[in-house]
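File shown here: final.tsv, holding TSV, C-alpha atoms.
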chain	number	residue	atom	x	y	z
A	1	MET	CA	-17.07	3.77	-26.18
A	2	GLY	CA	-20.85	4.24	-26.29
A	3	LYS	CA	-22.78	7.37	-25.39
A	4	THR	CA	-24.47	5.63	-22.45
A	5	THR	CA	-21.13	4.61	-20.95
A	6	THR	CA	-19.71	8.12	-21.38
A	7	PHE	CA	-22.87	9.59	-19.88
A	8	PHE	CA	-22.65	7.22	-16.87
A	9	LEU	CA	-18.97	8.02	-16.22
A	10	ASN	CA	-19.55	11.76	-16.68
A	11	SER	CA	-22.56	11.71	-14.37
A	12	THR	CA	-20.80	9.67	-11.70
A	13	LEU	CA	-17.75	11.93	-11.72
A	14	HIS	CA	-20.02	14.97	-11.69
A	15	VAL	CA	-21.87	13.68	-8.61
A	16	ILE	CA	-18.56	12.87	-6.86
A	17	ILE	CA	-17.15	16.34	-7.49
A	18	LEU	CA	-20.40	18.06	-6.54
A	19	LEU	CA	-20.78	16.10	-3.31
A	20	LEU	CA	-17.13	16.72	-2.41
A	21	ILE	CA	-17.30	20.48	-3.03
A	22	LEU	CA	-20.67	20.97	-1.31
A	23	SER	CA	-19.63	18.85	1.68
A	24	LEU	CA	-16.36	20.70	2.16
A	25	PHE	CA	-18.09	24.04	1.69
A	26	PHE	CA	-20.74	23.15	4.24
A	27	PHE	CA	-18.48	21.64	6.90
A	28	ILE	CA	-15.79	24.30	6.60
A	29	TYR	CA	-17.80	27.48	5.96
A	30	VAL	CA	-21.60	27.27	6.24
A	31	SER	CA	-21.73	25.45	9.58
A	32	LYS	CA	-19.59	28.11	11.23
A	33	LEU	CA	-21.51	30.94	9.56
A	34	SER	CA	-24.79	29.48	10.85
A	35	SER	CA	-23.49	29.43	14.43
A	36	ALA	CA	-22.31	33.05	14.25
A	37	THR	CA	-25.58	34.23	12.71
A	38	PHE	CA	-27.61	32.41	15.35
A	39	LYS	CA	-25.52	33.88	18.19
A	40	ASN	CA	-25.82	37.41	16.77
A	41	GLU	CA	-29.59	37.11	16.36
A	42	ILE	CA	-30.08	35.75	19.91
A	43	THR	CA	-27.91	38.52	21.39
A	44	SER	CA	-29.79	41.17	19.45
A	45	ILE	CA	-33.20	39.88	20.49
A	46	LEU	CA	-32.16	39.63	24.14
A	47	ARG	CA	-30.63	43.11	24.16
A	48	ASP	CA	-33.42	44.84	22.25
A	49	ASN	CA	-36.56	43.05	23.47
A	50	PHE	CA	-36.23	40.51	26.25
A	51	ILE	CA	-34.09	42.47	28.73
A	52	PRO	CA	-36.11	45.72	28.40
A	53	ALA	CA	-39.34	43.72	28.87
A	54	ILE	CA	-37.98	42.07	32.03
A	55	GLN	CA	-36.71	45.43	33.33
A	56	LYS	CA	-40.10	47.00	32.70
A	57	ALA	CA	-41.90	44.18	34.48
A	58	ASP	CA	-39.49	44.21	37.43
A	59	THR	CA	-40.74	47.54	38.83
A	60	LYS	CA	-39.79	46.70	42.42
A	61	GLY	CA	-36.35	45.40	41.50
A	62	LEU	CA	-37.00	41.97	43.00
A	63	LEU	CA	-35.69	40.08	39.99
A	64	LYS	CA	-32.58	42.26	39.89
A	65	GLN	CA	-31.92	41.60	43.58
A	66	SER	CA	-32.55	37.90	43.13
A	67	LEU	CA	-30.16	37.70	40.19
A	68	LYS	CA	-27.47	39.52	42.19
A	69	LYS	CA	-27.78	36.90	44.94
A	70	THR	CA	-27.88	33.94	42.55
A	71	ASP	CA	-24.61	32.36	41.49
A	72	LEU	CA	-24.96	31.97	37.71
A	73	ASN	CA	-21.39	30.76	37.19
A	74	PRO	CA	-22.31	27.04	37.19
A	75	TRP	CA	-24.82	27.73	34.38
A	76	ILE	CA	-22.42	29.94	32.48
A	77	ASN	CA	-19.58	27.43	32.78
A	78	TYR	CA	-21.80	24.51	31.83
A	79	TYR	CA	-23.17	26.11	28.67
A	80	LYS	CA	-20.13	28.12	27.63
A	81	ASN	CA	-19.22	26.89	24.14
A	82	THR	CA	-20.10	23.34	25.11
A	83	PRO	CA	-22.20	21.60	22.50
A	84	GLU	CA	-24.52	18.83	23.57
A	85	GLU	CA	-22.89	15.40	23.35
A	86	SER	CA	-25.71	14.16	21.10
A	87	THR	CA	-25.10	17.09	18.73
A	88	VAL	CA	-21.39	16.29	18.55
A	89	ILE	CA	-22.14	12.61	17.87
A	90	GLU	CA	-24.73	13.49	15.21
A	91	ASN	CA	-22.39	15.94	13.46
A	92	GLU	CA	-19.51	13.44	13.51
A	93	TRP	CA	-21.78	10.75	12.07
A	94	LEU	CA	-22.87	13.17	9.36
A	95	LYS	CA	-19.25	13.82	8.42
A	96	LYS	CA	-18.40	10.11	8.46
A	97	SER	CA	-21.44	9.12	6.42
A	98	THR	CA	-20.59	11.79	3.84
A	99	ALA	CA	-17.06	10.40	3.62
A	100	ILE	CA	-18.44	6.85	3.28
A	101	VAL	CA	-20.76	7.85	0.42
A	102	LEU	CA	-17.94	9.73	-1.33
A	103	THR	CA	-15.59	6.77	-0.94
A	104	PHE	CA	-18.25	4.40	-2.25
A	105	LEU	CA	-18.88	6.58	-5.32
A	106	ILE	CA	-15.16	6.89	-6.05
A	107	VAL	CA	-14.67	3.12	-5.76
A	108	ILE	CA	-17.66	2.49	-8.07
A	109	PHE	CA	-16.28	5.03	-10.55
A	110	PHE	CA	-12.82	3.45	-10.71
A	111	LEU	CA	-14.15	-0.12	-10.66
A	112	THR	CA	-16.37	0.74	-13.62
A	113	ILE	CA	-13.42	2.22	-15.50
A	114	ALA	CA	-11.29	-0.85	-14.71
A	115	LEU	CA	-14.08	-3.19	-15.80
A	116	LEU	CA	-14.65	-1.31	-19.05
A	117	LYS	CA	-10.96	-1.03	-19.82
A	118	PHE	CA	-9.76	-4.53	-18.95
A	119	ASP	CA	-12.83	-6.77	-19.37
A	120	CYS	CA	-14.67	-4.98	-22.17
A	121	LYS	CA	-11.50	-3.67	-23.84
A	122	GLN	CA	-13.03	-0.22	-24.24
A	123	ASP	CA	-10.94	2.90	-24.65
A	124	ILE	CA	-11.96	5.18	-21.80
A	125	PRO	CA	-11.36	8.91	-22.45
A	126	LEU	CA	-10.71	9.50	-18.76
A	127	PHE	CA	-8.64	12.65	-19.33
A	128	ARG	CA	-11.44	14.21	-21.42
A	129	ILE	CA	-14.11	13.26	-18.86
A	130	ILE	CA	-12.08	14.75	-16.00
A	131	ARG	CA	-11.18	17.86	-18.04
A	132	ASP	CA	-14.81	18.48	-19.04
A	133	ASN	CA	-15.99	18.13	-15.45
A	134	ILE	CA	-13.28	20.46	-14.13
A	135	ILE	CA	-14.15	23.12	-16.71
A	136	LEU	CA	-17.86	22.75	-15.95
A	137	PHE	CA	-17.28	22.97	-12.19
A	138	PHE	CA	-15.04	25.98	-12.57
A	139	PHE	CA	-17.87	27.99	-14.12
A	140	VAL	CA	-20.60	26.53	-11.93
A	141	GLY	CA	-18.37	27.12	-8.90
A	142	MET	CA	-17.90	30.78	-9.79
A	143	ILE	CA	-21.67	31.23	-10.00
A	144	GLU	CA	-22.18	29.41	-6.69
A	145	ILE	CA	-19.51	31.47	-4.94
A	146	LEU	CA	-21.13	34.68	-6.14
A	147	PHE	CA	-24.56	33.39	-5.15
A	148	PHE	CA	-23.46	32.41	-1.65
A	149	TYR	CA	-21.45	35.59	-1.14
A	150	TYR	CA	-24.15	38.02	-2.24
A	151	ILE	CA	-27.38	36.18	-1.42
A	152	ALA	CA	-27.26	33.03	0.72
A	153	ARG	CA	-24.80	34.41	3.27
A	154	LYS	CA	-27.15	37.27	4.07
A	155	TYR	CA	-30.35	35.25	4.15
A	156	ILE	CA	-31.68	33.91	7.45
A	157	PRO	CA	-34.36	31.27	6.78
A	158	VAL	CA	-35.60	30.88	10.36
A	159	TYR	CA	-34.99	33.64	12.84
A	160	PRO	CA	-33.69	32.61	16.25
A	161	SER	CA	-36.19	35.16	17.58
A	162	THR	CA	-38.66	32.28	17.24
A	163	MET	CA	-36.95	30.67	20.23
A	164	ILE	CA	-37.00	33.91	22.25
A	165	ASN	CA	-40.68	34.44	21.40
A	166	ALA	CA	-41.39	30.91	22.63
A	167	ILE	CA	-39.52	31.63	25.89
A	168	ILE	CA	-41.43	34.88	26.43
A	169	SER	CA	-44.78	33.21	25.68
A	170	THR	CA	-44.00	30.40	28.11
A	171	LEU	CA	-42.97	32.86	30.82
A	172	LYS	CA	-46.17	34.88	30.29
A	173	LYS	CA	-48.31	31.73	30.58
A	174	GLU	CA	-46.49	30.60	33.72
A	175	PHE	CA	-46.47	33.95	35.57
A	176	ASN	CA	-49.79	35.49	34.51

Show this structure as structure tokens.
Amino acid sequence: MGKTTTFFLNSTLHVIILLLILSLFFFIYVSKLSSATFKNEITSILRDNFIPAIQKADTKGLLKQSLKKTDLNPWINYYKNTPEESTVIENEWLKKSTAIVLTFLIVIFFLTIALLKFDCKQDIPLFRIIRDNIILFFFVGMIEILFFYYIARKYIPVYPSTMINAIISTLKKEFN
């Protein structure tokens, strides 16, 4: 079998494994970590900045009295752990499209092997290709796990405080 053919099969299998691992890692771990980080940041900003600012501005206690009289339960119940329908649809489509791409790549990989083996009568070192990719991904995976555990997990690229700052700015513009 030629070097180009081996390179193509190796590359295709490498892409399949990489896409599978990254997709599973993202959908199982990162997406949940992002939600928890966002919630913690919002809570912290509200507790440390927004609520004290409102309390300071509400010198006569009018807002406090108004909030006591207002039934917030409909709002709380509506937004309590209920994602937007469009978000659910978008996330489901993302999962399905990832599965479609993976399935397509796997079918192409095995069709290519079948074509080379039966039509071109080439000896395909499938075991060696799979073994090499597994060994490579074992070491790359260890590095990625360490990277995500010690660096990426602790990094917050965009602070949710951006949203709170936008809310405060809007409130200042409206009420000043």

Inset, instruction - Find the distance between atom CA of Leu18 of chain A and atom CA of Tyr149 of chain A and write it in Å to one decimal. - result: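 These two atoms are separated by 18.4 Å.
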
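Note that atom CA of Ala53 of chain A and atom CA of Ile168 of chain A are 9.4 Å apart.
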
Inset, instruction - Rounded to one decimal place, report the atom CA of Ala152 of chain A-atom CA of Val30 of chain A distance in Å. - result: 9.8 Å
